[in-house]
file structure-v6.txt (compact mmCIF, C-alpha atoms)
# COMPACT_ATOMS: atom_id res chain seq x y z
CA MET A 904 27.25 29.30 15.95
CA PRO A 905 26.51 25.65 14.98
CA GLU A 906 24.72 25.26 11.65
CA ILE A 907 21.95 22.82 10.77
CA ALA A 908 21.24 21.48 7.28
CA ILE A 909 18.07 19.61 6.40
CA ILE A 910 17.86 17.57 3.20
CA GLY A 911 14.31 17.49 1.84
CA SER A 912 11.13 19.57 1.84
CA GLY A 913 8.52 17.01 2.80
CA PHE A 914 6.77 16.16 6.06
CA ALA A 915 9.86 15.13 8.04
CA ALA A 916 11.96 18.08 6.87
CA LEU A 917 9.37 20.76 7.56
CA THR A 918 8.34 19.32 10.92
CA THR A 919 12.01 19.35 11.93
CA VAL A 920 12.14 23.08 11.09
CA ARG A 921 8.98 23.85 13.07
CA GLU A 922 10.09 21.85 16.11
CA LEU A 923 13.58 23.33 16.18
CA ARG A 924 12.17 26.86 16.27
CA ARG A 925 9.46 25.87 18.74
CA ARG A 926 12.19 24.66 21.07
CA GLY A 927 14.01 27.98 20.84
CA VAL A 928 16.83 26.83 18.58
CA ASP A 929 17.98 29.98 16.78
CA ALA A 930 20.95 28.41 14.98
CA PRO A 931 21.12 28.96 11.21
CA VAL A 932 19.03 26.38 9.36
CA THR A 933 19.41 25.55 5.66
CA VAL A 934 16.88 23.44 3.76
CA ILE A 935 18.16 21.77 0.58
CA SER A 936 15.61 20.50 -1.92
CA PRO A 937 14.83 20.70 -5.63
CA ARG A 938 11.29 21.76 -4.69
CA ASP A 939 10.23 24.82 -2.70
CA GLU A 940 6.69 23.46 -2.34
CA LEU A 941 5.02 21.00 -0.02
CA HIS A 942 3.05 18.41 -1.98
CA TYR A 943 0.32 17.02 0.25
CA VAL A 944 0.23 13.59 -1.40
CA PRO A 945 -2.09 11.91 1.18
CA SER A 946 -5.04 13.87 -0.25
CA SER A 947 -4.17 13.09 -3.88
CA ILE A 948 -6.47 10.05 -3.59
CA TRP A 949 -9.35 12.55 -3.97
CA ILE A 950 -8.10 14.10 -7.22
CA PRO A 951 -9.78 11.52 -9.51
CA ALA A 952 -13.11 12.18 -7.75
CA GLY A 953 -12.72 15.95 -8.06
CA LEU A 954 -12.67 16.54 -4.30
CA ARG A 955 -9.20 18.03 -4.60
CA SER A 956 -7.25 19.71 -7.37
CA ALA A 957 -3.56 19.31 -8.10
CA ASP A 958 -2.92 23.02 -7.55
CA GLY A 959 -4.74 22.91 -4.22
CA LEU A 960 -2.31 20.29 -2.91
CA ARG A 961 0.83 22.20 -3.88
CA LEU A 962 1.72 24.69 -1.16
CA PRO A 963 4.49 27.26 -1.77
CA LEU A 964 6.91 27.37 1.15
CA THR A 965 8.22 30.91 0.72
CA ARG A 966 6.29 32.38 3.65
CA PHE A 967 6.87 29.37 5.89
CA LEU A 968 10.64 29.47 5.32
CA ALA A 969 10.78 33.23 5.85
CA ARG A 970 8.72 33.03 9.03
CA HIS A 971 11.12 30.47 10.49
CA LYS A 972 14.22 32.28 9.19
CA VAL A 973 15.35 29.39 7.04
CA ARG A 974 17.79 29.63 4.15
CA PHE A 975 16.55 27.66 1.16
CA VAL A 976 18.89 26.08 -1.41
CA LYS A 977 17.08 24.89 -4.52
CA ALA A 978 19.16 21.89 -5.56
CA SER A 979 19.32 18.12 -5.55
CA VAL A 980 21.79 16.36 -3.29
CA THR A 981 24.25 14.19 -5.19
CA ALA A 982 26.66 13.18 -2.43
CA LEU A 983 27.20 13.35 1.31
CA ASP A 984 30.52 12.95 3.08
CA ALA A 985 29.55 11.89 6.59
CA ALA A 986 33.08 12.18 7.98
CA ARG A 987 33.45 15.77 6.78
CA HIS A 988 29.78 16.72 7.25
CA GLU A 989 29.72 17.95 3.66
CA ILE A 990 26.77 17.89 1.25
CA THR A 991 27.35 18.16 -2.51
CA THR A 992 24.53 19.26 -4.83
CA ASP A 993 23.90 19.13 -8.55
CA THR A 994 24.77 22.83 -8.77
CA GLY A 995 28.34 21.99 -7.77
CA ALA A 996 27.97 23.72 -4.44
CA VAL A 997 29.32 22.03 -1.30
CA LEU A 998 27.60 22.85 1.99
CA ARG A 999 28.90 22.03 5.44
CA ALA A 1000 26.87 21.81 8.65
CA ASP A 1001 27.43 20.69 12.22
CA HIS A 1002 24.13 18.83 12.21
CA ILE A 1003 22.74 17.21 9.05
CA VAL A 1004 19.20 15.86 8.96
CA ILE A 1005 18.44 13.41 6.15
CA ALA A 1006 14.73 13.81 5.44
CA ALA A 1007 14.79 13.22 1.70
CA GLY A 1008 12.04 10.61 1.60
CA ALA A 1009 12.28 7.36 -0.33
CA ARG A 1010 11.98 6.22 -3.92
CA PHE A 1011 10.09 3.30 -5.36
CA LEU A 1012 11.85 0.19 -6.62
CA LYS A 1013 11.48 -0.12 -10.40
CA LYS A 1014 13.29 -3.37 -11.12
CA LEU A 1015 10.14 -5.27 -12.11
CA PRO A 1016 10.10 -5.64 -15.91
CA GLY A 1017 7.46 -3.42 -17.50
CA ILE A 1018 6.78 -1.37 -14.38
CA GLU A 1019 6.57 1.71 -16.60
CA ASN A 1020 3.23 0.32 -17.82
CA ALA A 1021 1.68 0.93 -14.40
CA ILE A 1022 0.81 4.15 -12.58
CA ILE A 1023 2.53 4.38 -9.19
CA PRO A 1024 0.04 6.44 -7.13
CA CYS A 1025 2.34 7.57 -4.31
CA GLU A 1026 4.91 8.99 -6.72
CA GLY A 1027 2.98 12.20 -6.40
CA ILE A 1028 0.24 14.49 -7.60
CA ALA A 1029 1.04 13.84 -11.28
CA ALA A 1030 0.18 10.16 -10.78
CA ALA A 1031 -3.24 11.04 -9.37
CA LYS A 1032 -3.85 13.34 -12.35
CA ALA A 1033 -2.94 10.47 -14.69
CA ILE A 1034 -5.50 8.22 -12.99
CA ALA A 1035 -8.13 10.96 -13.27
CA ALA A 1036 -7.37 11.34 -16.99
CA ARG A 1037 -7.56 7.61 -17.74
CA LEU A 1038 -10.62 6.66 -15.70
CA PRO A 1039 -13.39 8.28 -17.81
CA SER A 1040 -12.38 6.27 -20.88
CA ILE A 1041 -12.86 2.92 -19.14
CA ARG A 1042 -16.46 2.02 -19.90
CA LYS A 1043 -15.79 -1.72 -19.96
CA GLY A 1044 -12.78 -3.81 -19.03
CA THR A 1045 -10.61 -4.35 -15.96
CA ILE A 1046 -8.80 -2.20 -13.44
CA ALA A 1047 -5.95 -3.97 -11.64
CA ILE A 1048 -4.67 -2.50 -8.38
CA GLY A 1049 -1.71 -3.98 -6.54
CA MET A 1050 1.18 -3.56 -4.15
CA ALA A 1051 4.46 -5.21 -3.21
CA THR A 1052 7.32 -4.60 -0.80
CA ASN A 1053 11.09 -4.38 -0.83
CA PRO A 1054 12.19 -8.03 -0.58
CA ASN A 1055 15.28 -6.97 1.38
CA GLU A 1056 13.27 -4.88 3.85
CA PRO A 1057 9.63 -6.05 4.14
CA GLY A 1058 8.60 -3.00 6.15
CA ALA A 1059 9.49 -0.67 3.27
CA ILE A 1060 5.99 -0.48 1.84
CA ARG A 1061 3.19 2.02 1.68
CA GLY A 1062 0.06 -0.01 1.04
CA GLY A 1063 -2.76 2.02 2.60
CA PRO A 1064 -3.29 4.27 -0.46
CA MET A 1065 -3.77 1.22 -2.68
CA PHE A 1066 -6.68 0.02 -0.54
CA GLU A 1067 -8.07 3.55 -0.70
CA TYR A 1068 -7.84 3.66 -4.48
CA ALA A 1069 -9.59 0.29 -4.72
CA PHE A 1070 -12.51 1.48 -2.60
CA ILE A 1071 -12.65 5.00 -4.08
CA LEU A 1072 -12.61 3.84 -7.70
CA ASP A 1073 -15.26 1.24 -6.88
CA ARG A 1074 -17.42 4.00 -5.39
CA MET A 1075 -16.89 6.30 -8.39
CA LEU A 1076 -17.75 3.59 -10.90
CA ARG A 1077 -20.94 2.76 -9.02
CA LYS A 1078 -22.00 6.41 -8.96
CA ASP A 1079 -21.45 6.57 -12.73
CA GLY A 1080 -23.34 3.33 -13.35
CA ARG A 1081 -20.25 1.65 -14.83
CA ARG A 1082 -19.30 -0.78 -12.08
CA ASP A 1083 -21.17 -3.77 -13.54
CA ASP A 1084 -19.14 -3.46 -16.73
CA VAL A 1085 -15.76 -2.87 -15.10
CA ARG A 1086 -14.02 -5.72 -13.36
CA MET A 1087 -11.72 -4.82 -10.45
CA VAL A 1088 -8.87 -7.05 -9.26
CA PHE A 1089 -6.53 -6.47 -6.31
CA PHE A 1090 -3.18 -8.27 -6.55
CA SER A 1091 -0.16 -8.73 -4.30
CA PRO A 1092 2.64 -11.26 -3.78
CA SER A 1093 1.49 -11.35 -0.16
CA ALA A 1094 -1.32 -13.74 0.69
CA ARG A 1095 -2.56 -11.20 3.24
CA PRO A 1096 -1.60 -7.69 2.12
CA GLY A 1097 -1.59 -4.95 4.74
CA GLN A 1098 -0.39 -7.11 7.64
CA ARG A 1099 1.36 -4.17 9.30
CA LEU A 1100 -2.12 -2.82 9.97
CA GLY A 1101 -2.91 -5.90 12.06
CA GLU A 1102 -4.71 -9.16 11.40
CA ARG A 1103 -8.15 -7.75 12.24
CA ALA A 1104 -7.62 -4.88 9.80
CA VAL A 1105 -6.60 -7.30 7.03
CA ASP A 1106 -9.73 -9.34 7.70
CA ARG A 1107 -11.88 -6.19 7.41
CA ILE A 1108 -10.15 -5.05 4.22
CA LEU A 1109 -10.51 -8.42 2.48
CA ALA A 1110 -14.11 -8.69 3.64
CA GLU A 1111 -14.84 -5.21 2.28
CA MET A 1112 -13.30 -6.15 -1.07
CA ALA A 1113 -15.46 -9.25 -1.22
CA ARG A 1114 -18.56 -7.22 -0.35
CA ARG A 1115 -17.81 -4.76 -3.15
CA GLY A 1116 -17.10 -7.49 -5.69
CA ILE A 1117 -13.40 -6.63 -5.95
CA GLU A 1118 -11.62 -9.85 -6.91
CA THR A 1119 -8.26 -10.76 -5.35
CA HIS A 1120 -5.17 -12.38 -6.83
CA LEU A 1121 -2.91 -12.90 -3.83
CA GLY A 1122 0.18 -14.85 -2.84
CA HIS A 1123 1.79 -15.08 -6.28
CA LYS A 1124 5.22 -13.67 -7.13
CA MET A 1125 5.13 -11.01 -9.81
CA VAL A 1126 6.86 -11.66 -13.14
CA ARG A 1127 6.25 -8.51 -15.17
CA ILE A 1128 3.71 -5.87 -16.13
CA ASP A 1129 2.73 -5.64 -19.80
CA PRO A 1130 0.79 -2.69 -21.24
CA ASP A 1131 -2.42 -4.71 -21.05
CA ARG A 1132 -1.83 -7.25 -18.28
CA VAL A 1133 -0.20 -8.12 -14.98
CA VAL A 1134 1.78 -11.36 -15.14
CA THR A 1135 2.42 -13.39 -11.99
CA GLU A 1136 3.63 -16.91 -11.33
CA GLY A 1137 0.03 -17.74 -10.48
CA GLY A 1138 -1.51 -16.44 -13.69
CA GLU A 1139 -2.26 -13.28 -15.64
CA ILE A 1140 -4.69 -10.39 -15.12
CA ALA A 1141 -5.75 -8.68 -18.33
CA ALA A 1142 -6.18 -4.99 -17.50
CA ASP A 1143 -7.08 -1.66 -19.10
CA LEU A 1144 -5.68 0.36 -16.19
CA ILE A 1145 -2.95 -0.81 -13.81
CA LEU A 1146 -2.13 0.88 -10.51
CA PHE A 1147 0.85 -0.63 -8.72
CA GLN A 1148 2.76 0.39 -5.61
CA PRO A 1149 6.20 -1.29 -5.48
CA GLY A 1150 8.40 -1.49 -2.44
CA MET A 1151 10.54 1.43 -1.31
CA THR A 1152 14.25 2.10 -0.97
CA GLY A 1153 16.39 5.11 -0.11
CA PRO A 1154 17.41 7.97 -2.42
CA ALA A 1155 19.85 6.84 -5.13
CA TRP A 1156 22.68 9.07 -3.87
CA LEU A 1157 22.86 7.16 -0.58
CA ALA A 1158 24.65 4.27 -2.29
CA ASP A 1159 27.76 6.41 -2.89
CA THR A 1160 28.07 7.72 0.67
CA ASP A 1161 29.87 6.49 3.77
CA LEU A 1162 26.56 6.22 5.61
CA PRO A 1163 25.51 2.88 7.16
CA LEU A 1164 22.70 1.42 5.07
CA SER A 1165 20.11 -1.26 5.79
CA PRO A 1166 19.63 -4.27 3.48
CA GLY A 1167 16.80 -2.35 1.82
CA GLY A 1168 18.93 0.72 1.07
CA MET A 1169 17.80 3.06 3.86
CA VAL A 1170 19.98 4.89 6.40
CA ARG A 1171 20.36 2.87 9.59
CA ALA A 1172 19.25 4.83 12.64
CA ASP A 1173 18.87 4.24 16.37
CA GLU A 1174 15.88 4.92 18.61
CA PHE A 1175 16.94 8.59 18.88
CA CYS A 1176 16.96 8.93 15.07
CA ARG A 1177 20.74 9.31 15.05
CA VAL A 1178 22.55 7.78 12.11
CA GLU A 1179 24.26 4.73 13.58
CA GLY A 1180 27.83 5.43 14.68
CA LEU A 1181 28.00 9.00 13.37
CA GLU A 1182 27.91 12.18 15.42
CA GLY A 1183 25.74 15.06 14.25
CA LEU A 1184 23.93 13.10 11.53
CA TRP A 1185 20.24 12.37 11.85
CA VAL A 1186 17.48 10.81 9.79
CA ALA A 1187 13.70 11.23 9.85
CA GLY A 1188 10.96 9.81 7.67
CA ASP A 1189 11.12 7.34 4.82
CA SER A 1190 14.88 7.68 4.21
CA GLY A 1191 15.62 5.80 7.43
CA SER A 1192 15.54 2.25 8.73
CA TYR A 1193 14.70 2.29 12.43
CA PRO A 1194 14.51 -0.13 15.35
CA GLY A 1195 10.98 -0.94 16.43
CA PRO A 1196 8.06 -3.30 15.94
CA ASP A 1197 7.67 -5.15 12.63
CA TRP A 1198 4.61 -2.99 11.86
CA LEU A 1199 6.57 0.30 12.03
CA PRO A 1200 4.98 2.29 9.20
CA LYS A 1201 6.29 4.37 6.33
CA GLN A 1202 3.77 7.21 6.53
CA ALA A 1203 3.62 10.96 7.08
CA HIS A 1204 2.49 10.65 10.70
CA GLN A 1205 5.45 8.47 11.64
CA ALA A 1206 7.79 10.84 9.78
CA ASP A 1207 6.46 13.71 11.90
CA LEU A 1208 7.10 11.78 15.11
CA GLN A 1209 10.65 10.98 14.04
CA ALA A 1210 11.24 14.62 13.08
CA LYS A 1211 10.08 15.75 16.52
CA ALA A 1212 12.60 13.40 18.13
CA VAL A 1213 15.38 14.71 15.86
CA ALA A 1214 14.58 18.34 16.76
CA ALA A 1215 14.43 17.56 20.48
CA ASN A 1216 17.77 15.76 20.39
CA ILE A 1217 19.54 18.43 18.35
CA ALA A 1218 18.20 21.06 20.76
CA ALA A 1219 19.55 18.99 23.67
CA GLN A 1220 22.99 18.64 22.11
CA LEU A 1221 23.20 22.36 21.41
CA LYS A 1222 22.71 22.83 25.15
CA GLY A 1223 25.48 20.37 25.94
CA LYS A 1224 23.15 17.52 26.87
CA ALA A 1225 22.98 13.98 25.56
CA PRO A 1226 20.11 12.98 23.21
CA ALA A 1227 17.33 11.48 25.32
CA THR A 1228 14.16 11.66 23.20
CA ARG A 1229 13.15 8.42 21.52
CA PHE A 1230 10.71 8.52 18.63
CA THR A 1231 7.30 6.96 19.25
CA PRO A 1232 6.41 3.99 17.00
CA GLU A 1233 2.81 4.74 16.06
CA LEU A 1234 0.53 3.94 13.15
CA VAL A 1235 -2.54 6.04 12.42
CA CYS A 1236 -4.36 5.33 9.19
CA ILE A 1237 -7.79 6.34 7.96
CA MET A 1238 -8.50 4.38 4.77
CA ASP A 1239 -10.94 6.50 2.85
CA SER A 1240 -13.62 5.27 0.47
CA LEU A 1241 -14.83 8.71 -0.68
CA ASP A 1242 -17.72 8.94 1.77
CA ARG A 1243 -16.53 6.77 4.66
CA GLY A 1244 -13.28 5.92 6.40
CA MET A 1245 -11.85 2.89 8.21
CA LEU A 1246 -9.54 3.73 11.13
CA VAL A 1247 -6.51 1.66 12.13
CA PHE A 1248 -4.40 2.68 15.14
CA ARG A 1249 -1.35 0.93 16.58
CA ARG A 1250 0.90 1.87 19.48
CA GLY A 1251 2.63 -0.63 21.72
CA ARG A 1252 0.21 -3.48 22.33
CA ILE A 1253 -2.80 -1.42 21.25
CA ASN A 1254 -4.20 -2.35 17.84
CA LEU A 1255 -7.55 -0.66 17.22
CA THR A 1256 -9.56 -1.15 14.05
CA LEU A 1257 -12.87 0.60 13.41
CA PRO A 1258 -15.27 -0.25 10.56
CA ALA A 1259 -15.89 2.18 7.70
CA LEU A 1260 -17.81 5.13 9.16
CA ARG A 1261 -18.94 8.42 7.61
CA PRO A 1262 -17.51 10.63 10.41
CA LEU A 1263 -14.04 9.20 9.78
CA HIS A 1264 -14.08 10.53 6.21
CA TRP A 1265 -14.74 14.01 7.56
CA LEU A 1266 -12.12 13.51 10.26
CA LYS A 1267 -9.52 12.82 7.57
CA ARG A 1268 -10.51 16.00 5.75
CA ALA A 1269 -10.42 17.98 8.99
CA PHE A 1270 -6.92 16.71 9.77
CA GLU A 1271 -5.74 17.81 6.33
CA HIS A 1272 -7.07 21.33 6.97
CA HIS A 1273 -5.44 21.45 10.42
CA TYR A 1274 -2.09 20.16 9.19
CA LEU A 1275 -1.82 22.52 6.24
CA ARG A 1276 -2.64 25.67 8.19
CA ALA A 1277 1.02 25.99 9.16
CA TYR A 1278 2.04 26.27 5.51
CA ARG A 1279 -0.75 28.38 4.05

call {"tool": "encode", "arguments": {"input": "structure-v6.txt", "output": "structure tokens"}}
result
Amino acid sequence: MPEIAIIGSGFAALTTVRELRRRGVDAPVTVISPRDELHYVPSSIWIPAGLRSADGLRLPLTRFLARHKVRFVKASVTALDAARHEITTDTGAVLRADHIVIAAGARFLKKLPGIENAIIPCEGIAAAKAIAARLPSIRKGTIAIGMATNPNEPGAIRGGPMFEYAFILDRMLRKDGRRDDVRMVFFSPSARPGQRLGERAVDRILAEMARRGIETHLGHKMVRIDPDRVVTEGGEIAADLILFQPGMTGPAWLADTDLPLSPGGMVRADEFCRVEGLEGLWVAGDSGSYPGPDWLPKQAHQADLQAKAVAANIAAQLKGKAPATRFTPELVCIMDSLDRGMLVFRRGRINLTLPALRPLHWLKRAFEHHYLRAYR
């Protein structure tokens, strides 16, 4: 019987498992990951405010994997031979599968000098805990929040959480009566950060920053990050706390494979989420570089849609049919501000932006509850 191996244990990997079984695929499935937990990072923005705890966002996968009859290999991938369909791990084990799904996520570029002086929020739950630990000590001073992209692949960016942190920290400081003594500055090499959300959304975001008194330092190339300042070609921002989201690239082990890679270091895929030119290799989520509109997002929702296409196409091939399911390019983002949310939706020519509304905050929390039910 054909075997399926899935690299990763995040959104794309687990959705692939669910969709394969939902479609009646009973082939052996192996998940390879150093972590047998799902970390629900989208809700980590609420950890500094105490709305969520770190432990509450770590979901053990033991029951989920058993329910779907999945073999789990706790290891990190170190190499992949695409021609042989062989995966090598840091345990020395070599696994072979007829279908390999690369759903290992991405990593953040850390070439900027001094980047270790900043907290990178989307690195995970530990980063949110670090922000929560640092924030109470800032009674006066400056918080600098910024984002950049991969210069070789401008779409490799996850900027929404940085806007959320700007609005959430502003709200928290106001509730504590500290906002007048704490300066907030948002910085980016882009003159209009968040353009993948659409021009109207960028206008709303910048207007909201202005309304809240969050200063902006935009359009200047970054030089370095010191322990107490952000240095750009357009000047310096003295800061007591620096949150910075750099651009994204693929997992480090991709560089030593025979896989086709994009200029930004991701696996090149077609509209069916097949690895270009290779039979039986697939990619879903942030590890891939896909055809589509220039606003194609790097986010959990898009990873899920790509995973659904992968599962549908593997199921088709196992039945002797050609892959026919294209992934849907779609952006859904609710930018939370602790008590309100701003919705941005894009699909095809539709680009909807709603102002910050209280029901949208609760909608985001409701979606979290709905999504995690499958793993609890």

call {"tool": "atom_distance", "arguments": {"input": "structure-v6.txt", "atom1": "atom CA of Cys1176 of chain A", "atom2": "atom CA of Leu968 of chain A"}}
result
23.6 Å

call {"tool": "atom_distance", "arguments": {"input": "structure-v6.txt", "atom1": "atom CA of Gly1008 of chain A", "atom2": "atom CA of Thr965 of chain A"}}
result
20.7 Å

call {"tool": "closest_residue", "arguments": {"input": "structure-v6.txt", "among": "A:Thr918, A:Thr981, A:Ser936, A:Thr992", "to": "Pro1154 of chain A", "atoms": "all atoms listed in the file"}}
result
A:Thr981

call {"tool": "closest_residue", "arguments": {"input": "structure-v6.txt", "among": "A:Ile1071, A:Leu1015, A:Ala908, A:Val1105", "to": "His1264 of chain A", "atoms": "all atoms listed in the file"}}
result
A:Ile1071

call {"tool": "closest_residue", "arguments": {"input": "structure-v6.txt", "among": "A:Phe1270, A:Gly1097, A:Ile1128, A:Ile950", "to": "Ala1036 of chain A", "atoms": "all atoms listed in the file"}}
result
A:Ile950

call {"tool": "closest_residue", "arguments": {"input": "structure-v6.txt", "among": "A:Val1004, A:Ala1210, A:Leu983, A:Val1235", "to": "Trp1198 of chain A", "atoms": "only C-alpha atoms"}}
result
A:Val1235

call {"tool": "residues_around", "arguments": {"input": "structure-v6.txt", "residues": "Trp1185 of chain A", "least_positions_apart": "2", "cutoff": "12 Å", "atoms": "all atoms listed in the file", "output": "PyMOL selection string"}}
result
chain A and resi 907-910+915-916+919+985+988+1000-1007+1162-1163+1170-1183+1187-1188+1190-1193+1209-1217+1226

call {"tool": "write_last_selection", "arguments": {"input": "structure-v6.txt", "atoms": "C-alpha atoms", "output": "mmCIF file, in the coordinates of the input"}}
result
data_model
loop_
_atom_site.group_PDB
_atom_site.id
_atom_site.type_symbol
_atom_site.label_atom_id
_atom_site.label_comp_id
_atom_site.auth_asym_id
_atom_site.auth_seq_id
_atom_site.Cartn_x
_atom_site.Cartn_y
_atom_site.Cartn_z
ATOM 1 C CA ILE A 907 21.950 22.820 10.770
ATOM 2 C CA ALA A 908 21.240 21.480 7.280
ATOM 3 C CA ILE A 909 18.070 19.610 6.400
ATOM 4 C CA ILE A 910 17.860 17.570 3.200
ATOM 5 C CA ALA A 915 9.860 15.130 8.040
ATOM 6 C CA ALA A 916 11.960 18.080 6.870
ATOM 7 C CA THR A 919 12.010 19.350 11.930
ATOM 8 C CA ALA A 985 29.550 11.890 6.590
ATOM 9 C CA HIS A 988 29.780 16.720 7.250
ATOM 10 C CA ALA A 1000 26.870 21.810 8.650
ATOM 11 C CA ASP A 1001 27.430 20.690 12.220
ATOM 12 C CA HIS A 1002 24.130 18.830 12.210
ATOM 13 C CA ILE A 1003 22.740 17.210 9.050
ATOM 14 C CA VAL A 1004 19.200 15.860 8.960
ATOM 15 C CA ILE A 1005 18.440 13.410 6.150
ATOM 16 C CA ALA A 1006 14.730 13.810 5.440
ATOM 17 C CA ALA A 1007 14.790 13.220 1.700
ATOM 18 C CA LEU A 1162 26.560 6.220 5.610
ATOM 19 C CA PRO A 1163 25.510 2.880 7.160
ATOM 20 C CA VAL A 1170 19.980 4.890 6.400
ATOM 21 C CA ARG A 1171 20.360 2.870 9.590
ATOM 22 C CA ALA A 1172 19.250 4.830 12.640
ATOM 23 C CA ASP A 1173 18.870 4.240 16.370
ATOM 24 C CA GLU A 1174 15.880 4.920 18.610
ATOM 25 C CA PHE A 1175 16.940 8.590 18.880
ATOM 26 C CA CYS A 1176 16.960 8.930 15.070
ATOM 27 C CA ARG A 1177 20.740 9.310 15.050
ATOM 28 C CA VAL A 1178 22.550 7.780 12.110
ATOM 29 C CA GLU A 1179 24.260 4.730 13.580
ATOM 30 C CA GLY A 1180 27.830 5.430 14.680
ATOM 31 C CA LEU A 1181 28.000 9.000 13.370
ATOM 32 C CA GLU A 1182 27.910 12.180 15.420
ATOM 33 C CA GLY A 1183 25.740 15.060 14.250
ATOM 34 C CA ALA A 1187 13.700 11.230 9.850
ATOM 35 C CA GLY A 1188 10.960 9.810 7.670
ATOM 36 C CA SER A 1190 14.880 7.680 4.210
ATOM 37 C CA GLY A 1191 15.620 5.800 7.430
ATOM 38 C CA SER A 1192 15.540 2.250 8.730
ATOM 39 C CA TYR A 1193 14.700 2.290 12.430
ATOM 40 C CA GLN A 1209 10.650 10.980 14.040
ATOM 41 C CA ALA A 1210 11.240 14.620 13.080
ATOM 42 C CA LYS A 1211 10.080 15.750 16.520
ATOM 43 C CA ALA A 1212 12.600 13.400 18.130
ATOM 44 C CA VAL A 1213 15.380 14.710 15.860
ATOM 45 C CA ALA A 1214 14.580 18.340 16.760
ATOM 46 C CA ALA A 1215 14.430 17.560 20.480
ATOM 47 C CA ASN A 1216 17.770 15.760 20.390
ATOM 48 C CA ILE A 1217 19.540 18.430 18.350
ATOM 49 C CA PRO A 1226 20.110 12.980 23.210
#

call {"tool": "residues_around", "arguments": {"input": "structure-v6.txt", "residues": "segment 1078-1095 of chain A", "least_positions_apart": "5", "cutoff": "6 Å", "atoms": "all atoms listed in the file", "output": "PyMOL selection string"}}
result
chain A and resi 1043-1051+1117-1124

call {"tool": "residues_around", "arguments": {"input": "structure-v6.txt", "residues": "segment 926-930 of chain A", "least_positions_apart": "4", "cutoff": "10 Å", "atoms": "all atoms listed in the file", "output": "PyMOL selection string"}}
result
chain A and resi 904-907+920-922+971-973+1214-1215+1217-1219+1221-1222

call {"tool": "closest_residue", "arguments": {"input": "structure-v6.txt", "among": "A:Ile1034, A:Ile948, A:Ala1009, A:Ala1269", "to": "Leu1157 of chain A", "atoms": "all atoms listed in the file"}}
result
A:Ala1009

call {"tool": "residues_around", "arguments": {"input": "structure-v6.txt", "residues": "Leu954 of chain A", "least_positions_apart": "3", "cutoff": "12 Å", "atoms": "all atoms listed in the file", "output": "MDAnalysis selection string"}}
result
chainID A and resid 946:951 957 959:960 1035 1071 1075 1241:1242 1268

call {"tool": "atom_distance", "arguments": {"input": "structure-v6.txt", "atom1": "atom CA of Val1126 of chain A", "atom2": "atom CA of Ile1022 of chain A"}}
result
16.9 Å

call {"tool": "closest_residue", "arguments": {"input": "structure-v6.txt", "among": "A:Arg1127, A:Arg961, A:His1273, A:Arg1037", "to": "Asn1020 of chain A", "atoms": "only C-alpha atoms"}}
result
A:Arg1127

call {"tool": "residues_around", "arguments": {"input": "structure-v6.txt", "residues": "Leu1275 of chain A", "least_positions_apart": "3", "cutoff": "10 Å", "atoms": "all atoms listed in the file", "output": "PDB file with C-alpha atoms, in the coordinates of the input"}}
result
ATOM      1  CA  LEU A 941       5.020  21.000  -0.020  1.00  0.00           C
ATOM      2  CA  TYR A 943       0.320  17.020   0.250  1.00  0.00           C
ATOM      3  CA  LEU A 960      -2.310  20.290  -2.910  1.00  0.00           C
ATOM      4  CA  LEU A 962       1.720  24.690  -1.160  1.00  0.00           C
ATOM      5  CA  PHE A1270      -6.920  16.710   9.770  1.00  0.00           C
ATOM      6  CA  GLU A1271      -5.740  17.810   6.330  1.00  0.00           C
ATOM      7  CA  HIS A1272      -7.070  21.330   6.970  1.00  0.00           C
ATOM      8  CA  TYR A1278       2.040  26.270   5.510  1.00  0.00           C
ATOM      9  CA  ARG A1279      -0.750  28.380   4.050  1.00  0.00           C
TER      10      ARG A1279
END

call {"tool": "residues_near_point", "arguments": {"input": "structure-v6.txt", "point": "(-15.5, -4.7, 7.8)", "cutoff": "9 Å", "atoms": "only C-alpha atoms", "output": "ChimeraX atom specification"}}
result
/A:1104,1106-1111,1245,1257-1259

call {"tool": "closest_atom_pairs", "arguments": {"input": "structure-v6.txt", "of": "segment 1221-1269 of chain A", "to": "segment 1054-1066 of chain A", "cutoff": "12 Å", "atoms": "only C-alpha atoms", "output": "Markdown table"}}
result
| residue | atom | partner | partner_atom | distance |
| --- | --- | --- | --- | --- |
| A:Leu1234 | CA | A:Gly1063 | CA | 11.2 |
| A:Val1235 | CA | A:Gly1063 | CA | 10.6 |
| A:Cys1236 | CA | A:Gly1063 | CA | 7.5 |
| A:Ile1237 | CA | A:Gly1063 | CA | 8.5 |
| A:Met1238 | CA | A:Gly1063 | CA | 6.6 |
| A:Asp1239 | CA | A:Phe1066 | CA | 8.5 |
| A:Ser1240 | CA | A:Phe1066 | CA | 8.8 |
| A:Leu1241 | CA | A:Phe1066 | CA | 11.9 |
| A:Gly1244 | CA | A:Phe1066 | CA | 11.2 |
| A:Met1245 | CA | A:Phe1066 | CA | 10.6 |
| A:Leu1246 | CA | A:Gly1063 | CA | 11.0 |
| A:Val1247 | CA | A:Gly1063 | CA | 10.2 |

call {"tool": "axis_aligned_box", "arguments": {"input": "structure-v6.txt", "around": "segment 1096-1102 of chain A", "padding_each_side": "3 Å", "output": "AutoDock Vina command-line options"}}
result
--center_x -1.7 --center_y -6.0 --center_z 7.1 --size_x 12.1 --size_y 12.3 --size_z 15.9
